[in-house]
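*Asks:* First the structure, then my questions, so here it is.
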Amino acid sequence: MIRKTRQHLVQNEGLLFEQSSPGKKAYQLPALDVPEVNPEEALAGQTRDGIEGFPEVSEVEAIRHFTRLSTYNYAIDLGMYPLGSCTMKYNPRVNEAVARTEGLAWAHPYAPIEHVQGCLEVIHRLEAYLAEICGMDAVTLQPAAGAHGEWTGIMVIRALLESQGNPRKKILVPDSAHGTNPATAAMCGYEVANIPSNDKGMVDVSALAAAVDGDTAAMMVTNPNTLGVFEEQIHEVARVLHAKGALLYMDGANMNALVGLSRPGDFGVDVMHLNLHKTFSTPHGGGGPGAGPVAVKSHLAPFLPTPRVVLRNGRFELEENLPQSIGKVRAFQGNFGVLVRALAYIMAHGGPGLRKATLDAILNANYIRKHLADHYQIHAEAPSMHECVFSDDKQSPHGIRTGDIAKRLIDYGFHPYTVSFPLIVHGALMIEPTETEGKQEIDLFIDAMKSIAQEVVDDPQLIKSAPHRTRTPKVDEVTAARKPVLRWRP
Ligand SMILES: *Cc1c(COP(=O)(O)O)cnc(C)c1O
């Protein structure tokens, strides 16, 4: 029995183009009471003749179309979203209320400094809080996402090494790394060298020691790593790198497991990024705005992007004159609305609240791990932090792979977990509940996963052909990716 879903009223919905009939309008305007201007003349030939097949519908048709489409979506506001590595936590509404404050939401980036002292204080304070949380000395809020933060951080490392006379040639990346790490290293002009993991799922320090040399600029490590395992030897990793003049970069996407418990700056990290849209609660998914602040130790601070917000004689100013800076990486101050949400989240929780959130995130992941350990193959023996990684080893003999299980999970009313990542785990199921789920929802999830494990044995075909309860049945993902149809034609 599927306890969470019922057959839900989801109406068929064509494209808006198909609902169009010529001459329909979604507005009524009063008669013109000013002289009519000929747009052709006024705009000197800049006007379009018309848009082929532009949909013409009434107001209620437009509203119903988009409202119906919205019911096709899964969202964190509907239920648990256990997408590992993505930290899909519920985003408290207070963040939204604060971000919509008039003086913040409507501030103009070219407004005189005197008029935006409050906005600059938001930036200054958030930088200070994030520096404290990470145990680092300086923070830039400019980068727009995690991957952009990685690029900024490695460019800062490159600038420091160049200032010492040699940018060096390569960046080390563990085999468990997120794909953005090697991509970042390559974009910054470095060669990528892979470091294997040991049988505990952690960086193999002896392999690292053998690989570090005078050509090594840095190592990029995610901690806890993408197996959800804390890198217990991280001090040693830092020591080995520093002894050869190389730096330790931390991918901080998994800070949801560390905030309030452990500070990367204290375990030897030189540069790191945060994903505000993961750890610090901004709605994400679907490519909306995010923020990827970069935190550095003091010796790297002179290289951070300009301008820097500084406090001089009780007044916030924008310091542009930083000769060693890598320059701007984003227009103005980055995605300011996301910064406001993060500050609201931090201030609403306070230090003890943030710590409690971390502990709950870890508890939730371990609760799931414990309850599913008999049904799915757990990957790493080391204890889990905020997410747990299984493999489909118990299901694959029945011809069922992780992607099939994920599709069946949709029938049970959950968004799928992360499928087939990290790459070092063959057939990975990566599950991250986050702290915002209560026991009831997590128990439903566990029931669903156990029930699917049983279905794999009893009726593998049911899983293979899932999902069955969605409006659109199983789609052909390969064709969708290779031959996407992106444009409707009349
Ligand atoms: C999400 C994530 C990234 C990339 O962050 P974006 O904000 O999506 O650019 C990098 N590394 C890890 C481990 C991640 O989970």
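Chain labels run A, B, ... following the order of the structure tokens; each chain numbers its residues from 1, and ligands are numbered from 1 in the order shown.
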What residues have any atom no more than 8 Å from ligand 1 when counting only C-alpha atoms and all ligand atoms, and can you list them as JSON, numbers by chain?
*Replies:* {"A": [84, 85, 86, 87, 144, 145, 146, 147, 148, 149, 150, 177, 178, 179, 180, 181, 222, 225, 226, 251, 252, 253, 254, 275, 277, 278, 290, 291, 292]}
*Asks:* Per DSSP on the backbone, what are the strand (DSSP E) residues of stretch 265-478 of chain A, as a VMD selection string?
*Replies:* chain A and resid 271 to 274 294 to 296 308 to 312 315 to 319 377 to 378 388 to 391 418 to 419 428 to 431
*Asks:* A:Ile442: which residues within 8 Å, counting only C-alpha atoms, same-chain residues fewer than 4 positions away excluded, as an MDAnalysis selection string?
*Replies:* chainID A and resid 80 364 368 433 437:438 446
*Asks:* Let's have the selection written as a compact mmCIF listing (two decimals), in the first residue's frame, with N, CA and C atoms.
*Replies:*
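Result went into out.txt, see below:
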# COMPACT_ATOMS: atom_id res chain seq x y z
N MET A 80 9.23 15.70 1.13
CA MET A 80 10.69 15.51 1.23
C MET A 80 11.33 15.41 -0.16
N ASN A 364 19.12 12.65 11.01
CA ASN A 364 18.16 12.18 10.00
C ASN A 364 18.81 11.24 8.99
N ILE A 368 17.98 7.12 8.52
CA ILE A 368 17.64 6.47 7.24
C ILE A 368 18.63 5.34 6.94
N PRO A 433 18.34 13.72 3.56
CA PRO A 433 17.01 14.17 3.99
C PRO A 433 16.99 15.63 4.44
N GLU A 437 13.21 17.74 7.75
CA GLU A 437 12.19 16.69 7.74
C GLU A 437 11.96 16.16 9.15
N GLY A 438 10.70 15.98 9.49
CA GLY A 438 10.35 15.38 10.78
C GLY A 438 10.29 13.86 10.65
N ILE A 446 11.16 5.88 4.41
CA ILE A 446 11.77 4.57 4.70
C ILE A 446 10.81 3.45 4.30
*Asks:* In terms of the shortest atom-to-atom distance over only C-alpha atoms, which of A:Glu435, A:Gln440, A:Lys200, A:Gly23 is closest to A:Lys356?
*Replies:* A:Glu435
*Asks:* Find the spatial neighbours of A:Val122, counting only C-alpha atoms, within a cut-off of 9 Å - ignore same-chain residues fewer than 3 positions away - and output them as a list of chain:residue names.
*Replies:*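 Residues near the query, excluding close chain neighbours: A:Gln117, A:Gly118, A:Cys119, A:Arg125, A:Leu126, A:Glu127, A:Leu339, A:Val340, A:Leu343.
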*Asks:* How many Å separate atom CA of A:Pro307 from atom CA of A:Glu319?
*Replies:*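 We find that atom CA of A:Pro307 and atom CA of A:Glu319 lie 5.2 Å from each other.
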*Asks:* From a DSSP calculation on the backbone, collect every residue of stretch 194-277 of chain A in helix (DSSP H, G or I) and output the set as a list in words.
*Replies:*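 Selecting the helix (DSSP H, G or I) positions of stretch 194-277 of chain A gives Val205, Ser206, Ala207, Leu208, Ala209, Ala210, Ala211, Ile234, His235, Glu236, Val237, Ala238, Arg239, Val240, Leu241, His242, Ala243, Met255, Asn256, Ala257, Pro264, Gly265, Asp266, Phe267, Leu276 and His277 of chain A.
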*Asks:* Please provide the set of residues having any atom within 8 Å of stretch 73-77 of chain A, restricted to only C-alpha atoms, with same-chain residues fewer than 6 positions apart removed, written as a PyMOL selection string.
*Replies:* chain A and resi 88-90+415
*Asks:* Hey, what's within 12 Å of A:Ala62 if we count only C-alpha atoms and toss same-chain stuff fewer than 2 positions away? As a count of residues only, please?
*Replies:* 23
*Asks:* Considering only C-alpha atoms, can you say which of A:Ser70, A:Thr140, A:Thr47, A:Asn366 comes closest to A:Val310?
*Replies:*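 Residue with the minimum atom-to-atom distance to A:Val310: A:Thr140.
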*Asks:* So that each row is one residue of stretch 125-151 of chain A with an atom at most 9 Å from stretch 259-264 of chain A, can you give its shortest atom pair and the distance in Å to one decimal, using only C-alpha atoms, rows by chain and rising number, as JSON lines?
*Replies:*
{"residue": "A:Glu132", "atom": "CA", "partner": "A:Arg263", "partner_atom": "CA", "distance": 8.4}
{"residue": "A:Ile133", "atom": "CA", "partner": "A:Val259", "partner_atom": "CA", "distance": 6.3}
{"residue": "A:Cys134", "atom": "CA", "partner": "A:Arg263", "partner_atom": "CA", "distance": 4.8}
{"residue": "A:Gly135", "atom": "CA", "partner": "A:Arg263", "partner_atom": "CA", "distance": 5.1}
{"residue": "A:Met136", "atom": "CA", "partner": "A:Pro264", "partner_atom": "CA", "distance": 7.7}
*Asks:* Of the candidates A:His375, A:Val475, A:Leu208, A:Arg401, which one gets nearest to A:Ser451 if we count only C-alpha atoms?
*Replies:*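 Of A:His375, A:Val475, A:Leu208, A:Arg401, the one nearest A:Ser451, counting only C-alpha atoms, is A:His375.
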*Asks:* Pick out the closest residue to A:Arg239 from this set: A:Leu141, A:Val338, A:Ile405, A:Val205. Count only C-alpha atoms.
*Replies:*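 Comparing A:Leu141, A:Val338, A:Ile405, A:Val205 against A:Arg239, the winner is A:Val205.
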*Asks:* Write out as a compact mmCIF listing (two decimals) with N, CA, C and O atoms, in the first residue's frame the residues lying within 6 Å of A:Met220, counting only C-alpha atoms and excluding same-chain residues fewer than 2 positions away.
*Replies:*
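out-v5.txt, written as the output of this step:
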# COMPACT_ATOMS: atom_id res chain seq x y z
N VAL A 173 42.65 16.22 -7.36
CA VAL A 173 41.22 16.06 -7.10
C VAL A 173 40.97 14.60 -6.73
O VAL A 173 41.41 13.71 -7.46
N TYR A 249 42.07 23.56 -1.00
CA TYR A 249 40.78 24.17 -1.34
C TYR A 249 39.69 23.22 -0.86
O TYR A 249 39.73 22.02 -1.14
N MET A 250 38.70 23.75 -0.14
CA MET A 250 37.58 22.90 0.26
C MET A 250 36.31 23.29 -0.48
O MET A 250 35.90 24.45 -0.46
*Asks:* Have a look at atom CA of A:Ile113 and atom CA of A:Glu317 and let me know their distance in Å, one decimal.
*Replies:*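 Those two atoms sit 6.9 Å apart.
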